[in-house]
Amino acid sequence: MRTLKGPGLFLAQFSGDAAPFDTLPAIAKWAADLGYLGVQVPSGDARFLDLDRAAGSQDYCDEIAGQAAEAGVAITELSAHLQGQLVAVHPAYDAAFDGFAAPHVRGNPKARQDWATDQVKKALTVSRRLGLKAMAAFSGALAWPYLYPWPQRPPGLVEEAFDELARRWRPILDHAEAEGVDICYEIHPGEDLHDGASYEMFLDRVGNHPRACMLYDPSHYVLQHLDYLQNIDIYHSRIRMFHVKDAELNPTGRQGVYGGFQPWVDRAGRFRSPGDGQVDFGAVFSKLAQYGFDGWAVVEWECCLKHPEDGAREGAEFVKRHIIRVTDKAFDDFASAGTDRAANRRMLGLEG
């Protein structure tokens, strides 16, 4: 068993144009002052990182890592969620997702896809330059609009979508292998990889690629009414990243998991700050310790009620309380009889 690292903080929800949220040194110092030991950095946010420059310069990567270290934190991982999303976009979402792309590829889905693929590859290269072993991403989605089968899906539709998704990601996964970095897909509604079954469909198509790993976030499983503890039992060998995010699902006679098109505050399923929802984090941290997960416990703050700065402050202490310093001896060692094989055989009546 190994002890989790943390607490870490995902910076995406806190970045802004005003200090201290507008530069990496400033936001890293803010996080350190709250008690965080690490920060997870969105690779597409130029306020924190020039991805193109970093992909070609070890000196610049060393400078970025040094800025974080001087502030008192480590860089836990990079996130390429938004670029990964754009690797596979169904045409129904073209307009909505164009805003995630660089201006020069907007309105051109093929150019946008090529740009996104290049960005994810660069983020993997930069991860390696920073000495990181894992990177977060979304899978993108081609089949998601056909999630609920009405009208009935034509035979082969989902299979073709996953075949294409695998074709797009296989070269990226091979680049990840060359860089020695795991791609940790956040299993997330809105993505084709949104539960264990869909992840396995993808994994089959990429030949069980060793770099096709998971980012475990129990909040997304609560909102799907999925067993988030058994999920660890099943996929622990593929879980390489962990988001500490809470959620609650309180179905009523009017709405359930789909939310009735209501705003977040009025949905049956809502994201909450750590400790304010329904996730049994004591059990989650115990499971991860049991299976030897030694990555970072990273707070991803999303809450429809609480102020983000309050959520961040409380999140650091929440993770500290839940990290289990694993034992290096058995609790009943004191009662050891100190027997050897001959004594064991005597106890079994196998020798006189």
# chains A, B, ... in the order shown; residues from 1 in each chain; ligands from 1

call {"tool": "select_by_dssp", "arguments": {"residues": "range 82-164 of chain A", "states": "helix (DSSP H, G or I)", "output": "PDB file with C-alpha atoms, in the first residue's frame"}}
result
ATOM      1  CA  LEU A  82     -10.866  21.012 -23.480  1.00  0.00           C
ATOM      2  CA  GLN A  83      -8.430  20.026 -26.211  1.00  0.00           C
ATOM      3  CA  GLY A  84      -9.356  16.373 -25.738  1.00  0.00           C
ATOM      4  CA  GLN A  85     -13.013  17.304 -26.080  1.00  0.00           C
ATOM      5  CA  PRO A  91     -21.804  18.186 -35.579  1.00  0.00           C
ATOM      6  CA  ALA A  92     -24.728  19.025 -33.268  1.00  0.00           C
ATOM      7  CA  TYR A  93     -22.196  20.551 -30.871  1.00  0.00           C
ATOM      8  CA  ASP A  94     -19.979  22.348 -33.387  1.00  0.00           C
ATOM      9  CA  ALA A  95     -21.149  25.828 -32.495  1.00  0.00           C
ATOM     10  CA  ALA A  96     -21.047  25.216 -28.747  1.00  0.00           C
ATOM     11  CA  PHE A  97     -17.538  23.780 -28.731  1.00  0.00           C
ATOM     12  CA  ASP A  98     -15.968  26.152 -31.247  1.00  0.00           C
ATOM     13  CA  GLY A  99     -15.249  28.574 -28.417  1.00  0.00           C
ATOM     14  CA  PHE A 100     -12.780  26.086 -26.910  1.00  0.00           C
ATOM     15  CA  PRO A 103      -9.722  31.458 -33.370  1.00  0.00           C
ATOM     16  CA  HIS A 104      -8.024  30.446 -36.615  1.00  0.00           C
ATOM     17  CA  VAL A 105      -9.686  26.972 -36.658  1.00  0.00           C
ATOM     18  CA  PRO A 109     -14.309  21.075 -37.842  1.00  0.00           C
ATOM     19  CA  LYS A 110     -11.450  19.208 -39.544  1.00  0.00           C
ATOM     20  CA  ALA A 111      -8.930  21.967 -38.822  1.00  0.00           C
ATOM     21  CA  ARG A 112     -10.231  22.161 -35.256  1.00  0.00           C
ATOM     22  CA  GLN A 113      -9.763  18.412 -34.789  1.00  0.00           C
ATOM     23  CA  ASP A 114      -6.228  18.538 -36.171  1.00  0.00           C
ATOM     24  CA  TRP A 115      -5.410  21.488 -33.902  1.00  0.00           C
ATOM     25  CA  ALA A 116      -6.835  19.662 -30.867  1.00  0.00           C
ATOM     26  CA  THR A 117      -4.872  16.505 -31.630  1.00  0.00           C
ATOM     27  CA  ASP A 118      -1.680  18.537 -31.879  1.00  0.00           C
ATOM     28  CA  GLN A 119      -2.476  20.332 -28.620  1.00  0.00           C
ATOM     29  CA  VAL A 120      -3.037  17.074 -26.724  1.00  0.00           C
ATOM     30  CA  LYS A 121       0.238  15.692 -28.062  1.00  0.00           C
ATOM     31  CA  LYS A 122       2.051  18.859 -27.018  1.00  0.00           C
ATOM     32  CA  ALA A 123       0.520  18.641 -23.539  1.00  0.00           C
ATOM     33  CA  LEU A 124       1.883  15.092 -23.264  1.00  0.00           C
ATOM     34  CA  THR A 125       5.341  16.294 -24.300  1.00  0.00           C
ATOM     35  CA  VAL A 126       5.201  19.129 -21.780  1.00  0.00           C
ATOM     36  CA  SER A 127       4.062  16.686 -19.090  1.00  0.00           C
ATOM     37  CA  ARG A 128       7.183  14.651 -19.732  1.00  0.00           C
ATOM     38  CA  ARG A 129       9.350  17.782 -19.671  1.00  0.00           C
ATOM     39  CA  TRP A 144     -23.478  10.999 -27.039  1.00  0.00           C
ATOM     40  CA  PRO A 145     -26.471  12.535 -28.875  1.00  0.00           C
ATOM     41  CA  TYR A 146     -27.832   8.993 -29.238  1.00  0.00           C
ATOM     42  CA  LEU A 157     -24.253   3.238 -35.076  1.00  0.00           C
ATOM     43  CA  VAL A 158     -22.579   3.128 -31.662  1.00  0.00           C
ATOM     44  CA  GLU A 159     -19.992   0.635 -32.859  1.00  0.00           C
ATOM     45  CA  GLU A 160     -19.007   2.927 -35.741  1.00  0.00           C
ATOM     46  CA  ALA A 161     -18.771   5.887 -33.377  1.00  0.00           C
ATOM     47  CA  PHE A 162     -16.417   4.032 -31.044  1.00  0.00           C
ATOM     48  CA  ASP A 163     -14.383   2.670 -33.958  1.00  0.00           C
ATOM     49  CA  GLU A 164     -13.846   6.245 -35.131  1.00  0.00           C
TER      50      GLU A 164
END

call {"tool": "select_by_dssp", "arguments": {"residues": "range 108-287 of chain A", "states": "strand (DSSP E)", "output": "PDB file with C-alpha atoms, in the first residue's frame"}}
result
ATOM      1  CA  ALA A 134      -0.131  11.374 -15.994  1.00  0.00           C
ATOM      2  CA  MET A 135      -2.278  13.919 -17.839  1.00  0.00           C
ATOM      3  CA  ALA A 136      -6.027  14.524 -17.717  1.00  0.00           C
ATOM      4  CA  ALA A 137      -8.297  14.689 -20.764  1.00  0.00           C
ATOM      5  CA  ASP A 182      -0.623   8.156 -19.084  1.00  0.00           C
ATOM      6  CA  ILE A 183      -3.712   9.781 -20.598  1.00  0.00           C
ATOM      7  CA  CYS A 184      -6.319   9.757 -17.843  1.00  0.00           C
ATOM      8  CA  TYR A 185      -9.764  10.100 -19.376  1.00  0.00           C
ATOM      9  CA  GLU A 186     -12.228  11.712 -17.000  1.00  0.00           C
ATOM     10  CA  ALA A 212      -5.493   4.634 -21.854  1.00  0.00           C
ATOM     11  CA  CYS A 213      -6.136   5.207 -18.163  1.00  0.00           C
ATOM     12  CA  MET A 214      -8.803   6.781 -15.954  1.00  0.00           C
ATOM     13  CA  LEU A 215      -9.345   9.928 -13.957  1.00  0.00           C
ATOM     14  CA  TYR A 216     -11.589   8.858 -11.072  1.00  0.00           C
ATOM     15  CA  ILE A 239      -7.051   4.696 -12.174  1.00  0.00           C
ATOM     16  CA  ARG A 240      -4.066   7.055 -12.260  1.00  0.00           C
ATOM     17  CA  MET A 241      -5.696  10.367 -11.281  1.00  0.00           C
ATOM     18  CA  PHE A 242      -8.273  11.383  -8.684  1.00  0.00           C
ATOM     19  CA  HIS A 243     -10.551  14.408  -8.427  1.00  0.00           C
ATOM     20  CA  VAL A 244     -12.059  15.105  -5.023  1.00  0.00           C
ATOM     21  CA  ASP A 246     -18.775  15.914  -4.311  1.00  0.00           C
ATOM     22  CA  ALA A 247     -22.345  15.634  -5.590  1.00  0.00           C
ATOM     23  CA  GLU A 248     -25.850  14.804  -4.494  1.00  0.00           C
ATOM     24  CA  LEU A 249     -28.763  13.131  -6.246  1.00  0.00           C
ATOM     25  CA  GLY A 269     -28.471  16.063  -9.207  1.00  0.00           C
ATOM     26  CA  ARG A 270     -26.078  18.845  -8.195  1.00  0.00           C
ATOM     27  CA  PHE A 271     -22.341  19.228  -7.701  1.00  0.00           C
ATOM     28  CA  ARG A 272     -21.337  20.280  -4.191  1.00  0.00           C
TER      29      ARG A 272
END

call {"tool": "closest_residue", "arguments": {"among": "A:Tyr60, A:Phe48, A:Phe293, A:Trp150", "to": "Asp17 in chain A", "atoms": "only C-alpha atoms"}}
result
A:Phe48

call {"tool": "atom_distance", "arguments": {"atom1": "CA of Ser237 in chain A", "atom2": "CA of Glu200 in chain A"}}
result
13.3 Å

call {"tool": "atom_distance", "arguments": {"atom1": "CA of Val89 in chain A", "atom2": "CA of Glu177 in chain A"}}
result
24.4 Å

call {"tool": "residues_around", "arguments": {"residues": "Glu317 in chain A", "least_positions_apart": "6", "cutoff": "9 Å", "atoms": "only C-alpha atoms", "output": "VMD selection string"}}
result
chain A and resid 7 34 to 36

call {"tool": "closest_atom_pairs", "arguments": {"of": "range 115-212 of chain A", "to": "range 217-228 of chain A", "cutoff": "9 Å", "atoms": "only C-alpha atoms", "output": "CSV"}}
result
residue,atom,partner,partner_atom,distance
A:Glu186,CA,A:Asp217,CA,7.3
A:Ile187,CA,A:Asp217,CA,7.4
A:His188,CA,A:His220,CA,6.1
A:Pro189,CA,A:His220,CA,7.2
A:His194,CA,A:His220,CA,8.5
A:Asp195,CA,A:Tyr221,CA,7.8

call {"tool": "closest_residue", "arguments": {"among": "A:Asp280, A:Glu300, A:Glu314, A:Glu179", "to": "Leu229 in chain A", "atoms": "only C-alpha atoms"}}
result
A:Asp280
